[in-house]
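Worksheet for the structure shown next.
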Amino acid sequence: MSVKNVVKGIKSGGVNLLRWGNGKDSVGLRAGGGSLTPSKKREYRVTNRLQEGKRPIYAVVFNFIDSRYFNAFATAGGNRVTVYQCLEGGVIAVLQSYIDEDKDESFYTVSWACNIDGTPFLVAGGLNGIIRVIDTGSEKIYKSFVGHGDSINEIRTQPLKPSLVVSASKDESVRLWNIHTGICILIFAGAGGHRNEVLSVDFHPSDIYRIASCGMDNTVKIWSMKGIVLGEMSTIFVNHRSIFSQSVDNELVLWEPKMKEQSPGEGTVDILQKYPVPECDIWFIKFSCDFHYKAAAVGNREGKIYVWEVQSSPPVLIARLSHVQSKSPIRLTAMSFDGSTILCCCEDGTIWRWDVVASS
């Protein structure tokens with residue numbers, strides 16, 4: 001395991017979310033910011049609003065792991081993880097809910113995964129630093145992982161091998177887990193590691209041996225696991241190079257890391273594009289993308305959502321979503337597989353559903 005690249009110089013406040021982009025589609029992009037005038041390429045309308053509880057909801061995520069359940073999503077907030085299903089006509093059906101035994105737990109993150117036999121799992125973590133693997137078939141805890149020394153800020157699933165998950169923690173470490181065996185395979189920390197809490201982490205979409213992480217130390221680290229046996233895997237190398245990130249600077253940034261030949265382990269970046277998001281200057285507001293990374297949706301502290309077309313140059317604002325009753329900070333959005341539905345979870349315990357308006 002090695003630190004492939006360290007990108008420094010991120011503005012104050014740290015980087016609170018990053019996602020690997022699709023490098024093939026970013027070729028030819030030039031640095032620049034998009035206009036905040038909506039193009040109206042797509043129009044959305046509110047089709048549902050749920051009050052899940054009084055505690056903040058920090059996470060909402062669609063299931064992109066199993067095509068049978070693309071319309072299922074999960075939320076995490078307080079000591080509860082809840083599974084819903086998006087139905088026609090804006091209907092949201094509650095499927096199941098898991099309540100942690102510790103009433104003081106506060107889940108910050110949840111990710112879909114699956115066992116080697118294809119059983120859908122949910123993997124959640126938060127304040128207590130314990131990772132709960134929930135079997136959605138039996139609606140019971142499958143395993144609990146103890147290892148982090150502080151709260152867990154994010155959990156992500158390896159899309160090519162969804163029995164692997166990676167966690168980012170306030171304890172300054174990133175850990176790779178096998179949810180089937182319950183083993184912590186690798187710990188990314190120590191020399192070359194983060195020097196403050198790790199806020200976000202993501203797997204490379206096609207290279208199973210690469211992970212990117214970011215944190216309050218104002219760095220993005222790209223980790224290489226090449227040469228380490230992770231189990232029954234095949235290595236696929238595709239030229240996906242760009243990274244999509246968000247901090248507290250009222251914008252999303254698409255950039256490409258560059259290695260320094262004279263200084264192994266350190267690098268610079270080429271800024272490809274910037275996507276402005278007004279009033280998005282508080283910590284723990286995170287964005288989401290559809291399955292093919294065609295669009296990104298991000299909320300702000302005033303309850304508004306900005307939907308950007310990722311692969312156009314200059315960036316195009318597809319839509320700006322607002323509702324008179326939506327005033328609470330949006331902690332996370334979730335775009336459906338094709339981007340036709342956008343969900344958001346809020347500080348006031350509400351879940352909002354927006355659906356594309358069919359063109360006449």
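Identifiers for the structure tokens are assigned positionally: chains receive A, B, ... in sequence, residues are indexed from 1 per chain, and ligands are indexed from 1 in the order shown.
Neighbours of Arg301 in chain A closer than or equal to 8 Å, with only C-alpha atoms counted and sequence neighbours fewer than 5 positions away skipped, come out as A:Glu279, A:Cys280, A:Asp281, A:Ile282, A:Lys327, A:Ser328, A:Pro329, A:Ile330.
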Can I get the selected residues back with C-alpha atoms, as an mmCIF file, in the first residue's frame?
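Now in selection_26.cif:
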```cif
data_model
loop_
_atom_site.group_PDB
_atom_site.id
_atom_site.type_symbol
_atom_site.label_atom_id
_atom_site.label_comp_id
_atom_site.auth_asym_id
_atom_site.auth_seq_id
_atom_site.Cartn_x
_atom_site.Cartn_y
_atom_site.Cartn_z
ATOM 1 C CA GLU A 279 -24.878 29.495 0.185
ATOM 2 C CA CYS A 280 -23.059 26.169 0.392
ATOM 3 C CA ASP A 281 -20.410 27.256 2.870
ATOM 4 C CA ILE A 282 -21.153 25.039 5.868
ATOM 5 C CA LYS A 327 -35.791 26.180 4.253
ATOM 6 C CA SER A 328 -33.624 23.748 6.228
ATOM 7 C CA PRO A 329 -30.007 22.928 5.265
ATOM 8 C CA ILE A 330 -29.815 19.994 2.848
#
```
Quiz prompt | Picked from range 115-344 of chain A by DSSP as strand (DSSP E or B), as a PyMOL selection string | solution = chain A and resi 120-126+130-135+140-146+152-157+164-169+174-178+183-188+198-203+210-215+220-224+243-247+251-259+267-276+286+288-289+295-299+305-309+316-321+330-335+341-344
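The shortest atom-to-atom distance to Asp338 in chain A, with only C-alpha atoms taken into account, belongs to A:Phe70 out of A:Ile271, A:Arg195, A:Phe70, A:Ser242.
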Exercise. Between CA of Val324 in chain A and CA of Ser35 in chain A, measure the distance and give it in Å to one decimal.
Key: 23.5 Å
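Residue neighbourhood of Pro159 in chain A, excluding near-sequence residues (fewer than 4 positions): A:Phe64, A:Ile65, A:Trp112, A:Ala113, A:Ser163, A:Leu164, A:Val165, A:Phe203, A:His204, A:Pro205, A:Ser206, A:Ile208, at 10 Å, using only C-alpha atoms.
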Near-Pro257 in chain A list (7 Å; only C-alpha atoms; drop same-chain fewer than 2 positions) as a CSV table (one decimal) with all heavy atoms, in the first residue's frame:
```csv
chain,number,residue,atom,x,y,z
A,255,TRP,N,-11.4,18.2,-11.3
A,255,TRP,CA,-9.9,18.4,-11.5
A,255,TRP,C,-9.2,17.1,-11.8
A,255,TRP,O,-9.7,16.1,-11.6
A,255,TRP,CB,-9.3,19.2,-10.3
A,255,TRP,CG,-9.6,18.6,-9.0
A,255,TRP,CD1,-10.7,18.8,-8.2
A,255,TRP,CD2,-8.8,17.7,-8.2
A,255,TRP,NE1,-10.6,18.1,-7.0
A,255,TRP,CE2,-9.5,17.4,-7.0
A,255,TRP,CE3,-7.6,17.0,-8.5
A,255,TRP,CZ2,-9.0,16.5,-6.1
A,255,TRP,CZ3,-7.1,16.2,-7.5
A,255,TRP,CH2,-7.8,15.9,-6.3
A,259,MET,N,1.2,14.1,-11.2
A,259,MET,CA,2.3,13.7,-10.4
A,259,MET,C,3.5,14.6,-10.6
A,259,MET,O,3.7,15.1,-11.7
A,259,MET,CB,2.7,12.2,-10.7
A,259,MET,CG,1.7,11.2,-10.2
A,259,MET,SD,1.7,11.0,-8.4
A,259,MET,CE,3.3,10.4,-8.1
A,267,GLY,N,1.9,16.0,-5.6
A,267,GLY,CA,1.5,16.4,-7.0
A,267,GLY,C,0.7,17.7,-7.0
A,267,GLY,O,0.5,18.4,-6.0
A,268,THR,N,0.4,18.2,-8.2
A,268,THR,CA,-0.4,19.4,-8.4
A,268,THR,C,-1.7,18.9,-9.1
A,268,THR,O,-1.9,17.8,-9.4
A,268,THR,CB,0.4,20.4,-9.2
A,268,THR,OG1,0.7,19.8,-10.5
A,268,THR,CG2,1.6,20.8,-8.5
A,269,VAL,N,-2.5,19.9,-9.4
A,269,VAL,CA,-3.8,19.6,-10.1
A,269,VAL,C,-4.0,20.5,-11.3
A,269,VAL,O,-3.5,21.7,-11.4
A,269,VAL,CB,-5.0,19.8,-9.2
A,269,VAL,CG1,-4.8,18.8,-8.0
A,269,VAL,CG2,-5.2,21.2,-8.7
A,270,ASP,N,-4.7,20.0,-12.3
A,270,ASP,CA,-5.3,20.8,-13.3
A,270,ASP,C,-6.7,21.0,-13.1
A,270,ASP,O,-7.5,20.0,-13.0
A,270,ASP,CB,-5.1,20.2,-14.7
A,270,ASP,CG,-3.7,20.3,-15.2
A,270,ASP,OD1,-2.9,21.1,-14.7
A,270,ASP,OD2,-3.3,19.6,-16.2
```
Practice problem: Point out the residue among A:Gly90, A:Gly77, A:Gly339, A:Gly303 with the least atom-to-atom distance to Ile318 in chain A, counting only C-alpha atoms. | Solution: A:Gly339
Exercise. Could you tell me how far CA of Val220 in chain A lies from CA of Cys289 in chain A, in Å and to one decimal?
Key: 19.6 Å
Exercise. Please measure the separation of CA of Tyr44 in chain A and CA of Lys274 in chain A, giving the value in Å to one decimal.
Key: 23.2 Å
Hey, which bits of range 99-152 of chain A sit within 8 Å of range 47-61 of chain A, and for each residue what's the closest pair of atoms and how far apart in Å (one decimal), counting only C-alpha atoms, rows by chain and increasing number, as JSON lines?
```
{"residue": "A:Phe107", "atom": "CA", "partner": "A:Tyr58", "partner_atom": "CA", "distance": 7.4}
{"residue": "A:Tyr108", "atom": "CA", "partner": "A:Tyr58", "partner_atom": "CA", "distance": 5.2}
{"residue": "A:Thr109", "atom": "CA", "partner": "A:Ala59", "partner_atom": "CA", "distance": 5.4}
{"residue": "A:Val110", "atom": "CA", "partner": "A:Ala59", "partner_atom": "CA", "distance": 6.4}
{"residue": "A:Ser111", "atom": "CA", "partner": "A:Val61", "partner_atom": "CA", "distance": 6.9}
{"residue": "A:Trp112", "atom": "CA", "partner": "A:Val61", "partner_atom": "CA", "distance": 7.9}
```
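Each of A:His323, A:Arg42, A:Lys170, A:Arg353 was checked against Ser151 in chain A using only C-alpha atoms; the smallest atom-to-atom distance is that of A:Lys170.
Proximity to Ile285 in chain A was assessed for A:Glu172, A:Asp202, A:Glu101, A:Glu302 counting only C-alpha atoms; the smallest distance is recorded for A:Glu302.
Compared by their closest atoms to Ile243 in chain A, and using only C-alpha atoms, the residues A:Glu197, A:Asp66, A:Asp348, A:Glu256 rank with A:Glu256 nearest.
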